[in-house]
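A.B. asks: Please see the structure below; I have some questions.
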Amino acid sequence: MAEETPSRLGRGLAALIGDDAAFALGEQNAPVTVRGVREVPIEFLRPNPFQPRHTFREQDLADLSNSIREKGILQPIVVRPVAGETEVFEIVAGERRWRAAQRAQLHQVPILVKELTDAESLEVAIIENVQRADLNAIEEAAGYERLAQQFDYTQEQLSKLIGKSRSHVANTLRLLSLPPSVKAMIEEGSLSAGQARPLIGIEGAEEIAREIVAKGLSAREAEVLARKASTGSAVARRSSSSPSSGKDADTVALERNISEQLGLKVEIVHAGDKGGEVKVSYKTLDQLDEICRRLAGRGGPRISNLN
């Protein structure tokens, strides 16, 4: 499917549902002014199984319901016909409006009917929600994954489809590898994608995530905390798995102390009276910059004599 419609990727909602779908109908019960739009009983509509959004916050629905009660639905709900059924439509874009309209006790809703494939239906749902920032990061990632797995989209095609960088797509997809409890924190809004990203592949990610939330750490602070935890775990594993490394207990303890303070892997090779080496490993330029700042005199750890 992804290979058959490359020209439509990245063009937004208008490319998939047509320019005539753009914006408002106006006041409730006003004459329809958007081409192709008509009103149908609200019960003719049903949710979209391809809808990437699963979280509908109670307060958001209540606010929208109040607005609809006062002003009506200002943008038609995009739907597609249900094969084999008469006057039954599947929502492609606008499920939150449909839910809120039910709360507002509307009997009729404006719809724009489009013939869309399953892949196009998912495209529209993702584009609409991403453009409005209505999806949490896990829902967004799940939508990308479904397009990739079910419809063979590449990350490059997904990038063009949503108008964001390929690295954004890749980093968002990586969030799906987090433990379920951490993903739940992202879905409920207590943990942001930026705070959670450093926890990918980290041992004890759930405990670290809870600490991030409890302390209200920024994404940058969360990264530092995760790095320290990762380094500490690595040092502990090395210490327990190689007790006969030839290093005395003081050297091992000093390595661990410096590693914990820097948040980086540190190795000390001590050669007695001949001196030795201190190796600090870094993965990013930010980490190297931090090392340089500390060496320039910003209160780093003190190294005592080794005998």
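Lettering and numbering for the structure tokens are positional, with chains as A, B, ... in the shown order, residues counted from 1 in each chain, and ligands counted from 1 in the shown order.
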Fewer than 5 positions away in the same chain doesn't count, so skip those; otherwise give me all residues within 10 Å of A:Val266, counting only C-alpha atoms, as number ranges by chain.

C.D. replies: A: 231, 235, 254-260, 278-282

A.B. asks: Write out, as an mmCIF file, in the first residue's frame, the residues just selected, with all heavy atoms.

C.D. replies:
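Result went into again-v7.cif, see below:
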data_model
loop_
_atom_site.group_PDB
_atom_site.id
_atom_site.type_symbol
_atom_site.label_atom_id
_atom_site.label_comp_id
_atom_site.auth_asym_id
_atom_site.auth_seq_id
_atom_site.Cartn_x
_atom_site.Cartn_y
_atom_site.Cartn_z
ATOM 1 N N THR A 231 25.566 3.425 34.397
ATOM 2 C CA THR A 231 26.991 3.252 34.685
ATOM 3 C C THR A 231 27.191 2.475 35.968
ATOM 4 O O THR A 231 28.034 1.590 36.054
ATOM 5 C CB THR A 231 27.677 4.626 34.799
ATOM 6 O OG1 THR A 231 27.471 5.343 33.589
ATOM 7 C CG2 THR A 231 29.165 4.469 35.042
ATOM 8 N N VAL A 235 29.166 -1.041 36.331
ATOM 9 C CA VAL A 235 30.314 -1.204 37.228
ATOM 10 C C VAL A 235 30.068 -2.348 38.189
ATOM 11 O O VAL A 235 30.955 -3.171 38.445
ATOM 12 C CB VAL A 235 30.578 0.107 38.006
ATOM 13 C CG1 VAL A 235 31.604 -0.125 39.115
ATOM 14 C CG2 VAL A 235 31.068 1.195 37.064
ATOM 15 N N LEU A 254 37.396 3.406 43.821
ATOM 16 C CA LEU A 254 37.624 4.727 43.243
ATOM 17 C C LEU A 254 37.017 4.830 41.847
ATOM 18 O O LEU A 254 36.417 5.852 41.480
ATOM 19 C CB LEU A 254 39.131 5.005 43.186
ATOM 20 C CG LEU A 254 39.538 6.417 42.736
ATOM 21 C CD1 LEU A 254 38.895 7.474 43.614
ATOM 22 C CD2 LEU A 254 41.058 6.557 42.744
ATOM 23 N N GLU A 255 37.143 3.758 41.055
ATOM 24 C CA GLU A 255 36.505 3.720 39.741
ATOM 25 C C GLU A 255 35.002 3.927 39.874
ATOM 26 O O GLU A 255 34.399 4.714 39.134
ATOM 27 C CB GLU A 255 36.769 2.382 39.046
ATOM 28 C CG GLU A 255 38.127 2.243 38.425
ATOM 29 C CD GLU A 255 38.306 0.892 37.735
ATOM 30 O OE1 GLU A 255 37.536 -0.044 38.052
ATOM 31 O OE2 GLU A 255 39.196 0.776 36.885
ATOM 32 N N ARG A 256 34.426 3.211 40.826
ATOM 33 C CA ARG A 256 32.978 3.312 41.015
ATOM 34 C C ARG A 256 32.582 4.723 41.457
ATOM 35 O O ARG A 256 31.606 5.294 40.975
ATOM 36 C CB ARG A 256 32.521 2.288 42.055
ATOM 37 C CG ARG A 256 31.004 2.251 42.259
ATOM 38 C CD ARG A 256 30.570 1.263 43.332
ATOM 39 N NE ARG A 256 31.036 -0.074 43.026
ATOM 40 C CZ ARG A 256 31.942 -0.734 43.740
ATOM 41 N NH1 ARG A 256 32.491 -0.176 44.816
ATOM 42 N NH2 ARG A 256 32.309 -1.955 43.401
ATOM 43 N N ASN A 257 33.377 5.317 42.356
ATOM 44 C CA ASN A 257 33.084 6.651 42.870
ATOM 45 C C ASN A 257 33.120 7.691 41.748
ATOM 46 O O ASN A 257 32.197 8.510 41.600
ATOM 47 C CB ASN A 257 34.103 7.010 43.959
ATOM 48 C CG ASN A 257 33.836 8.385 44.560
ATOM 49 O OD1 ASN A 257 32.702 8.835 44.615
ATOM 50 N ND2 ASN A 257 34.888 9.056 45.007
ATOM 51 N N ILE A 258 34.166 7.660 40.928
ATOM 52 C CA ILE A 258 34.283 8.631 39.841
ATOM 53 C C ILE A 258 33.195 8.398 38.789
ATOM 54 O O ILE A 258 32.613 9.347 38.245
ATOM 55 C CB ILE A 258 35.686 8.560 39.193
ATOM 56 C CG1 ILE A 258 36.765 8.867 40.235
ATOM 57 C CG2 ILE A 258 35.799 9.532 38.024
ATOM 58 C CD1 ILE A 258 38.181 8.677 39.731
ATOM 59 N N SER A 259 32.916 7.123 38.499
ATOM 60 C CA SER A 259 31.875 6.795 37.520
ATOM 61 C C SER A 259 30.532 7.348 37.950
ATOM 62 O O SER A 259 29.779 7.918 37.148
ATOM 63 C CB SER A 259 31.768 5.278 37.337
ATOM 64 O OG SER A 259 32.923 4.757 36.735
ATOM 65 N N GLU A 260 30.211 7.187 39.240
ATOM 66 C CA GLU A 260 28.922 7.650 39.741
ATOM 67 C C GLU A 260 28.819 9.171 39.691
ATOM 68 O O GLU A 260 27.763 9.731 39.401
ATOM 69 C CB GLU A 260 28.708 7.156 41.176
ATOM 70 C CG GLU A 260 28.455 5.650 41.255
ATOM 71 C CD GLU A 260 28.377 5.144 42.685
ATOM 72 O OE1 GLU A 260 28.681 5.943 43.608
ATOM 73 O OE2 GLU A 260 28.035 3.962 42.879
ATOM 74 N N VAL A 278 44.004 6.939 33.578
ATOM 75 C CA VAL A 278 42.577 7.034 33.898
ATOM 76 C C VAL A 278 41.840 7.184 32.579
ATOM 77 O O VAL A 278 42.068 8.156 31.841
ATOM 78 C CB VAL A 278 42.269 8.234 34.819
ATOM 79 C CG1 VAL A 278 40.761 8.317 35.077
ATOM 80 C CG2 VAL A 278 43.018 8.119 36.129
ATOM 81 N N LYS A 279 40.975 6.234 32.266
ATOM 82 C CA LYS A 279 40.229 6.265 31.010
ATOM 83 C C LYS A 279 38.760 6.605 31.290
ATOM 84 O O LYS A 279 38.107 5.930 32.084
ATOM 85 C CB LYS A 279 40.304 4.904 30.302
ATOM 86 C CG LYS A 279 41.727 4.500 29.904
ATOM 87 C CD LYS A 279 41.726 3.143 29.201
ATOM 88 C CE LYS A 279 43.136 2.739 28.788
ATOM 89 N NZ LYS A 279 43.150 1.412 28.115
ATOM 90 N N VAL A 280 38.286 7.662 30.647
ATOM 91 C CA VAL A 280 36.884 8.068 30.775
ATOM 92 C C VAL A 280 36.226 7.892 29.412
ATOM 93 O O VAL A 280 36.653 8.502 28.426
ATOM 94 C CB VAL A 280 36.763 9.531 31.235
ATOM 95 C CG1 VAL A 280 35.292 9.911 31.384
ATOM 96 C CG2 VAL A 280 37.509 9.751 32.542
ATOM 97 N N SER A 281 35.214 7.052 29.350
ATOM 98 C CA SER A 281 34.530 6.777 28.081
ATOM 99 C C SER A 281 33.289 7.648 27.946
ATOM 100 O O SER A 281 32.547 7.849 28.909
ATOM 101 C CB SER A 281 34.113 5.302 28.003
ATOM 102 O OG SER A 281 35.257 4.468 28.115
ATOM 103 N N TYR A 282 33.061 8.191 26.766
ATOM 104 C CA TYR A 282 31.872 8.997 26.506
ATOM 105 C C TYR A 282 31.248 8.547 25.193
ATOM 106 O O TYR A 282 31.898 7.959 24.328
ATOM 107 C CB TYR A 282 32.216 10.491 26.436
ATOM 108 C CG TYR A 282 33.140 10.885 25.310
ATOM 109 C CD1 TYR A 282 32.634 11.244 24.064
ATOM 110 C CD2 TYR A 282 34.520 10.886 25.489
ATOM 111 C CE1 TYR A 282 33.474 11.593 23.026
ATOM 112 C CE2 TYR A 282 35.378 11.239 24.455
ATOM 113 C CZ TYR A 282 34.854 11.595 23.230
ATOM 114 O OH TYR A 282 35.678 11.933 22.191
#

A.B. asks: Show which residues sit within 8 Å of A:Gln155, as a PDB file with C-alpha atoms, in the first residue's frame. Count only C-alpha atoms, and ignore same-chain residues fewer than 4 positions away.

C.D. replies:
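See around_16.pdb below for the written result:
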ATOM      1  CA  ALA A 148       5.145  -0.135   9.154  1.00  0.00           C
ATOM      2  CA  SER A 159       8.722  10.873   8.042  1.00  0.00           C
ATOM      3  CA  ARG A 166      13.247  10.497  10.357  1.00  0.00           C
ATOM      4  CA  VAL A 169      10.029   8.684  13.875  1.00  0.00           C
ATOM      5  CA  ALA A 170      12.869   6.367  14.960  1.00  0.00           C
TER       6      ALA A 170
END

A.B. asks: Restricting the calculation to only C-alpha atoms: of A:Leu147, A:Val109, A:Leu45, A:Ala100, which residue gets closest to A:Ser121?

C.D. replies: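 Answer, going by the shortest atom-to-atom distance: A:Leu147.
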
A.B. asks: Pick the closest to A:Thr86 from A:Ile111, A:Ala214, A:Lys265, A:Phe44: which is it, counting only C-alpha atoms?

C.D. replies: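 Among the listed residues, A:Phe44 lies closest to A:Thr86.
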
A.B. asks: From a DSSP calculation on the backbone, collect every residue of stretch 75-272 of chain A in strand (DSSP E or B) and output the set as number ranges by chain.

C.D. replies: A: 77-81, 89-93, 108-113, 265-270

A.B. asks: Fewer than 5 positions away in the same chain doesn't count, so skip those; otherwise give me all residues within 8 Å of A:Gln51, counting only C-alpha atoms, as a list in words.

C.D. replies: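 The residues that qualify are Val92, Leu122, Ala125 and Ile126 of chain A.
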
A.B. asks: Those selected residues, please, written with N, CA, C and O atoms and delivered as a PDB file, in the first residue's frame.

C.D. replies:
ATOM      1  N   VAL A  92     -13.128   8.337  10.317  1.00  0.00           N
ATOM      2  CA  VAL A  92     -11.714   8.388   9.946  1.00  0.00           C
ATOM      3  C   VAL A  92     -10.999   9.470  10.746  1.00  0.00           C
ATOM      4  O   VAL A  92      -9.915   9.262  11.268  1.00  0.00           O
ATOM      5  N   LEU A 122      -5.842   5.010   8.233  1.00  0.00           N
ATOM      6  CA  LEU A 122      -4.886   5.142   9.330  1.00  0.00           C
ATOM      7  C   LEU A 122      -4.012   6.373   9.128  1.00  0.00           C
ATOM      8  O   LEU A 122      -3.701   7.085  10.082  1.00  0.00           O
ATOM      9  N   ALA A 125      -5.987   9.453  10.221  1.00  0.00           N
ATOM     10  CA  ALA A 125      -6.147   9.496  11.670  1.00  0.00           C
ATOM     11  C   ALA A 125      -4.847   9.932  12.347  1.00  0.00           C
ATOM     12  O   ALA A 125      -4.873  10.739  13.286  1.00  0.00           O
ATOM     13  N   ILE A 126      -3.722   9.423  11.865  1.00  0.00           N
ATOM     14  CA  ILE A 126      -2.435   9.800  12.456  1.00  0.00           C
ATOM     15  C   ILE A 126      -2.112  11.256  12.166  1.00  0.00           C
ATOM     16  O   ILE A 126      -1.727  12.021  13.051  1.00  0.00           O
TER      17      ILE A 126
END

A.B. asks: Near A:Gln105, counting only C-alpha atoms, which residues have an atom at most 12 Å away, once you skip same-chain residues fewer than 3 positions from it, shown as an MDAnalysis selection string?

C.D. replies: chainID A and resid 41:43 65:66 68:70 72 98:102 108:109

A.B. asks: Which residue is closest to A:Ala62? Choose from A:Asp289, A:Arg97, A:His107, A:Gln75 and count only C-alpha atoms.

C.D. replies: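 Among A:Asp289, A:Arg97, A:His107, A:Gln75, it is A:Arg97 that comes nearest to A:Ala62.
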
A.B. asks: For A:Arg210, which residue out of A:Ser181, A:Leu112, A:Gly94, A:Glu187 is the nearest one, using only C-alpha atoms?

C.D. replies: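 Among the listed residues, A:Ser181 lies closest to A:Arg210.
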
A.B. asks: Hey, can you check how far atom CA of A:Leu64 sits from atom CA of A:Ala93?

C.D. replies: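 It comes out at 15.5 Å.
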